[in-house]
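Dropping input12.txt in here (compact mmCIF, C-alpha atoms):
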```
# COMPACT_ATOMS: atom_id res chain seq x y z
CA MET N 1 0.00 0.00 0.00
CA MET N 2 1.37 3.44 -0.94
CA PHE N 3 1.42 6.06 1.76
CA ASP N 4 2.60 9.57 2.47
CA ASP N 5 5.65 10.09 4.68
CA VAL N 6 3.57 11.50 7.55
CA TYR N 7 1.03 9.70 9.72
CA GLN N 8 -0.89 10.33 12.92
CA VAL N 9 -0.80 8.28 16.13
CA ILE N 10 -2.32 8.66 19.57
CA THR N 11 -0.01 9.12 22.55
CA THR N 12 -2.54 8.94 25.42
CA THR N 13 -5.53 6.81 26.35
CA GLY N 14 -9.10 8.08 26.15
CA GLU N 15 -12.47 6.85 27.39
CA GLY N 16 -16.07 7.24 26.36
CA LEU N 17 -19.44 6.34 27.91
CA TYR N 18 -22.81 5.79 26.24
CA LYS N 19 -26.11 4.55 27.66
CA ASP N 20 -29.28 3.43 25.90
CA LYS N 21 -32.31 1.49 27.23
CA GLY N 22 -30.38 0.16 30.21
CA SER N 23 -27.34 -0.94 28.22
CA LYS N 24 -24.04 0.69 29.09
CA PHE N 25 -21.14 1.03 26.67
CA ILE N 26 -17.63 1.89 27.89
CA ALA N 27 -14.94 2.67 25.28
CA ILE N 28 -11.21 2.60 25.90
CA ALA N 29 -8.87 3.95 23.20
CA PHE N 30 -5.16 3.32 23.66
CA PRO N 31 -1.88 3.44 21.68
CA ALA N 32 -0.47 0.16 20.35
CA THR N 33 2.35 -0.69 17.96
CA ASN N 34 1.78 -4.44 17.48
CA GLU N 35 -0.82 -7.18 17.89
CA ASN N 36 0.83 -8.66 21.01
CA GLU N 37 0.36 -5.35 22.86
CA ILE N 38 -3.30 -5.39 21.85
CA LYS N 39 -3.77 -8.99 23.05
CA GLU N 40 -2.29 -8.14 26.43
CA ALA N 41 -4.39 -4.97 26.79
CA LEU N 42 -7.53 -6.81 25.71
CA ALA N 43 -6.91 -9.55 28.29
CA SER N 44 -6.48 -6.88 30.97
CA ILE N 45 -9.70 -5.10 29.95
CA LYS N 46 -11.64 -8.39 29.92
CA LYS N 47 -10.33 -9.12 33.40
CA LYS N 48 -11.36 -5.69 34.67
CA TYR N 49 -14.82 -5.84 33.06
CA PHE N 50 -15.25 -9.59 33.53
CA ASP N 51 -19.01 -9.31 34.09
CA ALA N 52 -19.73 -7.47 30.81
CA ARG N 53 -21.63 -9.21 27.99
CA HIS N 54 -19.38 -8.11 25.12
CA HIS N 55 -15.82 -6.82 24.60
CA CYS N 56 -15.80 -5.55 21.01
CA TYR N 57 -12.83 -3.86 19.40
CA ALA N 58 -11.06 -2.56 16.32
CA TYR N 59 -7.46 -1.59 15.65
CA MET N 60 -5.22 -0.06 13.01
CA LEU N 61 -1.44 -0.56 12.92
CA GLY N 62 1.51 0.67 10.86
CA ALA N 63 2.35 3.91 9.08
CA ASP N 64 0.78 2.40 5.94
CA LYS N 65 -2.33 1.30 7.92
CA ALA N 66 -2.02 -2.13 6.33
CA THR N 67 -2.80 -4.09 9.52
CA PHE N 68 -6.31 -3.70 10.89
CA ARG N 69 -9.11 -5.74 12.38
CA ALA N 70 -12.68 -5.35 13.61
CA ASN N 71 -14.25 -7.81 16.09
CA ASP N 72 -17.96 -7.96 17.02
CA ASP N 73 -17.47 -10.39 19.95
CA GLY N 74 -20.91 -11.95 19.66
CA GLU N 75 -22.85 -8.86 18.60
CA PRO N 76 -24.72 -9.10 15.25
CA SER N 77 -22.23 -9.00 12.37
CA GLY N 78 -21.11 -5.50 11.44
CA THR N 79 -22.82 -3.73 14.35
CA ALA N 80 -19.82 -3.26 16.67
CA GLY N 81 -16.31 -3.77 15.28
CA LYS N 82 -16.96 -2.02 11.96
CA PRO N 83 -18.48 1.15 13.47
CA ILE N 84 -15.50 1.32 15.86
CA LEU N 85 -13.03 0.87 12.97
CA ASN N 86 -14.84 3.54 10.94
CA GLN N 87 -14.23 6.05 13.75
CA ILE N 88 -10.51 5.21 13.69
CA LEU N 89 -10.54 5.74 9.90
CA SER N 90 -12.43 9.03 10.17
CA LYS N 91 -9.78 10.33 12.59
CA ASN N 92 -7.06 9.28 10.10
CA ILE N 93 -4.96 7.71 12.86
CA THR N 94 -2.96 4.52 13.25
CA ASN N 95 -1.18 2.50 15.96
CA VAL N 96 -4.42 2.61 17.91
CA CYS N 97 -6.92 0.17 19.39
CA VAL N 98 -10.42 0.94 20.67
CA VAL N 99 -12.18 -1.59 22.90
CA VAL N 100 -15.87 -1.15 23.74
CA VAL N 101 -17.25 -3.01 26.74
CA ARG N 102 -21.03 -3.56 26.77
CA TYR N 103 -23.24 -4.28 29.74
CA PHE N 104 -26.58 -5.54 28.42
CA GLY N 105 -29.60 -3.79 29.90
CA GLY N 106 -32.21 -6.40 29.02
CA ILE N 107 -33.74 -4.55 26.05
CA LYS N 108 -32.46 -5.23 22.52
CA LEU N 109 -31.34 -2.11 20.67
CA GLY N 110 -31.65 -3.47 17.14
CA VAL N 111 -29.05 -3.19 14.40
CA SER N 112 -29.25 0.60 13.96
CA GLY N 113 -29.27 1.14 17.73
CA LEU N 114 -26.13 -0.96 18.18
CA ILE N 115 -24.31 0.76 15.31
CA THR N 116 -25.15 4.16 16.80
CA ALA N 117 -24.02 3.09 20.28
CA TYR N 118 -20.66 1.63 19.20
CA LYS N 119 -19.98 4.50 16.80
CA THR N 120 -20.83 7.21 19.35
CA VAL N 121 -18.89 5.79 22.28
CA ALA N 122 -15.81 5.06 20.12
CA GLN N 123 -15.96 8.60 18.76
CA GLU N 124 -16.08 10.02 22.30
CA ALA N 125 -13.07 7.97 23.41
CA LEU N 126 -11.06 9.16 20.40
CA GLU N 127 -11.97 12.77 21.14
CA ASN N 128 -10.29 12.35 24.53
CA VAL N 129 -6.86 11.31 23.25
CA THR N 130 -3.78 13.29 22.23
CA ILE N 131 -2.89 12.92 18.55
CA GLU N 132 0.67 13.37 17.28
CA THR N 133 1.97 13.62 13.71
CA ARG N 134 5.04 11.54 12.88
CA THR N 135 7.19 11.05 9.81
CA VAL N 136 7.99 7.81 8.02
CA ASN N 137 11.77 7.40 8.25
CA GLU N 138 14.15 5.20 6.30
CA ILE N 139 17.18 3.75 8.08
CA TYR N 140 20.48 3.43 6.20
CA ALA N 141 24.00 2.22 7.01
CA LEU N 142 27.13 3.82 5.58
CA HIS N 143 30.33 1.77 5.20
CA PHE N 144 33.48 3.80 4.56
CA GLU N 145 37.18 4.20 5.35
CA TYR N 146 38.17 6.29 8.36
CA SER N 147 39.79 8.87 6.08
CA LEU N 148 36.32 9.80 4.79
CA LEU N 149 34.84 10.41 8.27
CA LYS N 150 35.18 14.18 8.13
CA GLU N 151 33.32 14.36 4.80
CA VAL N 152 30.54 12.06 6.05
CA MET N 153 30.06 14.08 9.24
CA ARG N 154 29.95 17.33 7.24
CA ILE N 155 26.99 16.07 5.17
CA LEU N 156 25.19 14.82 8.26
CA LYS N 157 25.65 18.23 9.92
CA GLU N 158 24.43 20.12 6.84
CA GLU N 159 21.35 17.88 6.62
CA LYS N 160 20.74 18.14 10.40
CA ILE N 161 20.86 14.32 10.75
CA GLU N 162 21.78 12.71 14.07
CA PRO N 163 23.55 9.31 13.70
CA LEU N 164 21.78 6.34 15.34
CA THR N 165 24.88 4.17 15.79
CA MET N 166 28.56 4.79 15.02
CA GLN N 167 31.51 2.42 14.79
CA PHE N 168 34.75 4.24 14.02
CA GLU N 169 37.72 2.01 13.27
CA LEU N 170 39.87 1.48 10.18
CA ASP N 171 36.60 0.69 8.42
CA CYS N 172 33.67 2.73 9.74
CA ILE N 173 29.96 1.89 9.96
CA LEU N 174 27.39 4.58 10.67
CA GLU N 175 23.60 4.20 10.77
CA PHE N 176 21.17 7.07 10.43
CA GLY N 177 17.47 7.70 9.88
CA ILE N 178 16.01 10.18 7.41
CA ARG N 179 12.52 11.24 6.43
CA LYS N 180 11.29 9.20 3.48
CA SER N 181 10.71 12.19 1.19
CA GLU N 182 14.28 13.42 1.79
CA ALA N 183 16.03 10.05 1.51
CA ASN N 184 16.84 9.88 -2.22
CA ARG N 185 18.41 13.35 -2.30
CA VAL N 186 20.64 12.75 0.74
CA ILE N 187 21.65 9.23 -0.35
CA GLU N 188 22.79 10.65 -3.70
CA ARG N 189 25.09 13.06 -1.82
CA PHE N 190 26.79 10.13 -0.08
CA LYS N 191 27.01 8.07 -3.27
CA LYS N 192 28.98 10.87 -4.95
CA ILE N 193 31.79 10.28 -2.45
CA HIS N 194 34.13 7.60 -3.78
CA LYS N 195 34.39 4.39 -1.67
CA ILE N 196 31.24 4.93 0.42
CA ALA N 197 28.79 2.00 0.41
CA VAL N 198 25.17 2.85 1.27
CA LYS N 199 22.88 0.09 2.49
CA TYR N 200 19.14 0.39 3.10
CA ILE N 201 18.15 -1.23 6.43
CA LYS N 202 14.42 -0.67 6.98
CA THR N 203 11.54 1.78 6.99
CA ALA N 204 10.39 2.82 10.45
```
Serialized structure, structure tokens:
Amino acid sequence: MMFDDVYQVITTTGEGLYKDKGSKFIAIAFPATNENEIKEALASIKKKYFDARHHCYAYMLGADKATFRANDDGEPSGTAGKPILNQILSKNITNVCVVVVRYFGGIKLGVSGLITAYKTVAQEALENVTIETRTVNEIYALHFEYSLLKEVMRILKEEKIEPLTMQFELDCILEFGIRKSEANRVIERFKKIHKIAVKYIKTA
């Protein structure tokens, strides 16, 4: 999936509350960077709200938003997880999970009532979080002779790049991160220096 080199994440947790015909919906939105974090948080929430009827959720992960899931946890298909996920999409955020806990009040809300409840409470939780914009960065490693160190450091200084790791011996290795949209231009500067090898590591 193609994506821009900026994305938005949440940095705090947020909660929401919605009540209808005796049913109570509690939403918890929290930051997450992988599915294991979500599993652990979900287990903790289920333990805390052990007496609730449903623990529905949706999440979105990755700068490219390629990993996502919606779970209805026993509610009629499409009435819980999807409305929660749609709120995440409407906020244009990622690395986030929203869990909605439902206490059943004895009166059925119907499909439209459930969709409204899960959508509204998820929206409220996401209005109570702090959102931060981040850049997609590419990590590279430079391999060069010690005699070229001064030239390498000059480019890094001019480009306002802080090295991530440095190993200065007879043969030097230096890793750095750079914003995706700037990467090609800066890499070309290093490639113009004779005897510098540039290796792409990962996108973060």
Show which residues sit within 8 Å of N:Tyr59, as a JSON list (two decimals) with C-alpha atoms, in the frame of the given file. Count only C-alpha atoms, and ignore same-chain residues fewer than 4 positions away.
```json
[["chain", "number", "residue", "atom", "x", "y", "z"],
["N", 68, "PHE", "CA", -6.31, -3.70, 10.89],
["N", 69, "ARG", "CA", -9.11, -5.74, 12.38],
["N", 70, "ALA", "CA", -12.68, -5.35, 13.61],
["N", 85, "LEU", "CA", -13.03, 0.87, 12.97],
["N", 88, "ILE", "CA", -10.51, 5.21, 13.69],
["N", 94, "THR", "CA", -2.96, 4.52, 13.25],
["N", 95, "ASN", "CA", -1.18, 2.50, 15.96],
["N", 96, "VAL", "CA", -4.42, 2.61, 17.91],
["N", 97, "CYS", "CA", -6.92, 0.17, 19.39],
["N", 98, "VAL", "CA", -10.42, 0.94, 20.67]]
```
At what distance in Å, to one decimal, does atom CA of N:Phe50 lie from atom CA of N:Asp72?
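Atom-to-atom, atom CA of N:Asp72 to atom CA of N:Phe50, that is 16.8 Å.
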So the first atom is atom CA of N:Leu109 and the second is atom CA of N:Glu127; what is the distance between them in Å, to one decimal place?
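Atom-to-atom, atom CA of N:Leu109 and atom CA of N:Glu127 are spaced 24.4 Å apart.
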Using Å and a single decimal, report how far atom CA of N:Ser77 sits from atom CA of N:Ala32.
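Answer for the atom CA of N:Ala32 to atom CA of N:Ser77 separation: 24.9 Å.
Contact shell of N:Lys21 at 12 Å (all atoms listed in the file; same-chain neighbours under 3 positions omitted): Tyr18, Lys24, Phe25, Tyr103, Phe104, Gly105, Gly106, Ile107, Lys108, Leu109, Gly110, Gly113, Leu114 and Ala117 of chain N.
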Using only C-alpha atoms, which of the listed residues (N:Lys160, N:Arg102, N:Ile131, N:Glu145) sits closest to N:Pro31?
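Checking each of N:Lys160, N:Arg102, N:Ile131, N:Glu145 against N:Pro31, counting only C-alpha atoms, the winner is N:Ile131.
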With distances taken over all atoms listed in the file, the candidate from N:Gln87, N:Thr203, N:Asn71, N:Asn137 nearest N:Thr120 is N:Gln87
Considering only C-alpha atoms, can you say which of N:Ala27, N:Val111, N:Ala125, N:Ala197 comes closest to N:Tyr49?
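Going through N:Ala27, N:Val111, N:Ala125, N:Ala197 one by one, the smallest distance to N:Tyr49 is for N:Ala27.
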Using C-alpha atoms, give me stretch 96-182 of chain N from the structure I just pasted, as a short mmCIF file (atom, residue, chain, number, x, y, z; two decimals), in the first residue's frame.
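Full text of part-v5.cif as output:
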```
data_model
loop_
_atom_site.label_atom_id
_atom_site.label_comp_id
_atom_site.auth_asym_id
_atom_site.auth_seq_id
_atom_site.Cartn_x
_atom_site.Cartn_y
_atom_site.Cartn_z
CA VAL N 96 -4.42 2.61 17.91
CA CYS N 97 -6.92 0.17 19.39
CA VAL N 98 -10.42 0.94 20.67
CA VAL N 99 -12.18 -1.59 22.90
CA VAL N 100 -15.87 -1.15 23.74
CA VAL N 101 -17.25 -3.01 26.74
CA ARG N 102 -21.03 -3.56 26.77
CA TYR N 103 -23.24 -4.28 29.74
CA PHE N 104 -26.58 -5.54 28.42
CA GLY N 105 -29.60 -3.79 29.90
CA GLY N 106 -32.21 -6.40 29.02
CA ILE N 107 -33.74 -4.55 26.05
CA LYS N 108 -32.46 -5.23 22.52
CA LEU N 109 -31.34 -2.11 20.67
CA GLY N 110 -31.65 -3.47 17.14
CA VAL N 111 -29.05 -3.19 14.40
CA SER N 112 -29.25 0.60 13.96
CA GLY N 113 -29.27 1.14 17.73
CA LEU N 114 -26.13 -0.96 18.18
CA ILE N 115 -24.31 0.76 15.31
CA THR N 116 -25.15 4.16 16.80
CA ALA N 117 -24.02 3.09 20.28
CA TYR N 118 -20.66 1.63 19.20
CA LYS N 119 -19.98 4.50 16.80
CA THR N 120 -20.83 7.21 19.35
CA VAL N 121 -18.89 5.79 22.28
CA ALA N 122 -15.81 5.06 20.12
CA GLN N 123 -15.96 8.60 18.76
CA GLU N 124 -16.08 10.02 22.30
CA ALA N 125 -13.07 7.97 23.41
CA LEU N 126 -11.06 9.16 20.40
CA GLU N 127 -11.97 12.77 21.14
CA ASN N 128 -10.29 12.35 24.53
CA VAL N 129 -6.86 11.31 23.25
CA THR N 130 -3.78 13.29 22.23
CA ILE N 131 -2.89 12.92 18.55
CA GLU N 132 0.67 13.37 17.28
CA THR N 133 1.97 13.62 13.71
CA ARG N 134 5.04 11.54 12.88
CA THR N 135 7.19 11.05 9.81
CA VAL N 136 7.99 7.81 8.02
CA ASN N 137 11.77 7.40 8.25
CA GLU N 138 14.15 5.20 6.30
CA ILE N 139 17.18 3.75 8.08
CA TYR N 140 20.48 3.43 6.20
CA ALA N 141 24.00 2.22 7.01
CA LEU N 142 27.13 3.82 5.58
CA HIS N 143 30.33 1.77 5.20
CA PHE N 144 33.48 3.80 4.56
CA GLU N 145 37.18 4.20 5.35
CA TYR N 146 38.17 6.29 8.36
CA SER N 147 39.79 8.87 6.08
CA LEU N 148 36.32 9.80 4.79
CA LEU N 149 34.84 10.41 8.27
CA LYS N 150 35.18 14.18 8.13
CA GLU N 151 33.32 14.36 4.80
CA VAL N 152 30.54 12.06 6.05
CA MET N 153 30.06 14.08 9.24
CA ARG N 154 29.95 17.33 7.24
CA ILE N 155 26.99 16.07 5.17
CA LEU N 156 25.19 14.82 8.26
CA LYS N 157 25.65 18.23 9.92
CA GLU N 158 24.43 20.12 6.84
CA GLU N 159 21.35 17.88 6.62
CA LYS N 160 20.74 18.14 10.40
CA ILE N 161 20.86 14.32 10.75
CA GLU N 162 21.78 12.71 14.07
CA PRO N 163 23.55 9.31 13.70
CA LEU N 164 21.78 6.34 15.34
CA THR N 165 24.88 4.17 15.79
CA MET N 166 28.56 4.79 15.02
CA GLN N 167 31.51 2.42 14.79
CA PHE N 168 34.75 4.24 14.02
CA GLU N 169 37.72 2.01 13.27
CA LEU N 170 39.87 1.48 10.18
CA ASP N 171 36.60 0.69 8.42
CA CYS N 172 33.67 2.73 9.74
CA ILE N 173 29.96 1.89 9.96
CA LEU N 174 27.39 4.58 10.67
CA GLU N 175 23.60 4.20 10.77
CA PHE N 176 21.17 7.07 10.43
CA GLY N 177 17.47 7.70 9.88
CA ILE N 178 16.01 10.18 7.41
CA ARG N 179 12.52 11.24 6.43
CA LYS N 180 11.29 9.20 3.48
CA SER N 181 10.71 12.19 1.19
CA GLU N 182 14.28 13.42 1.79
#
```
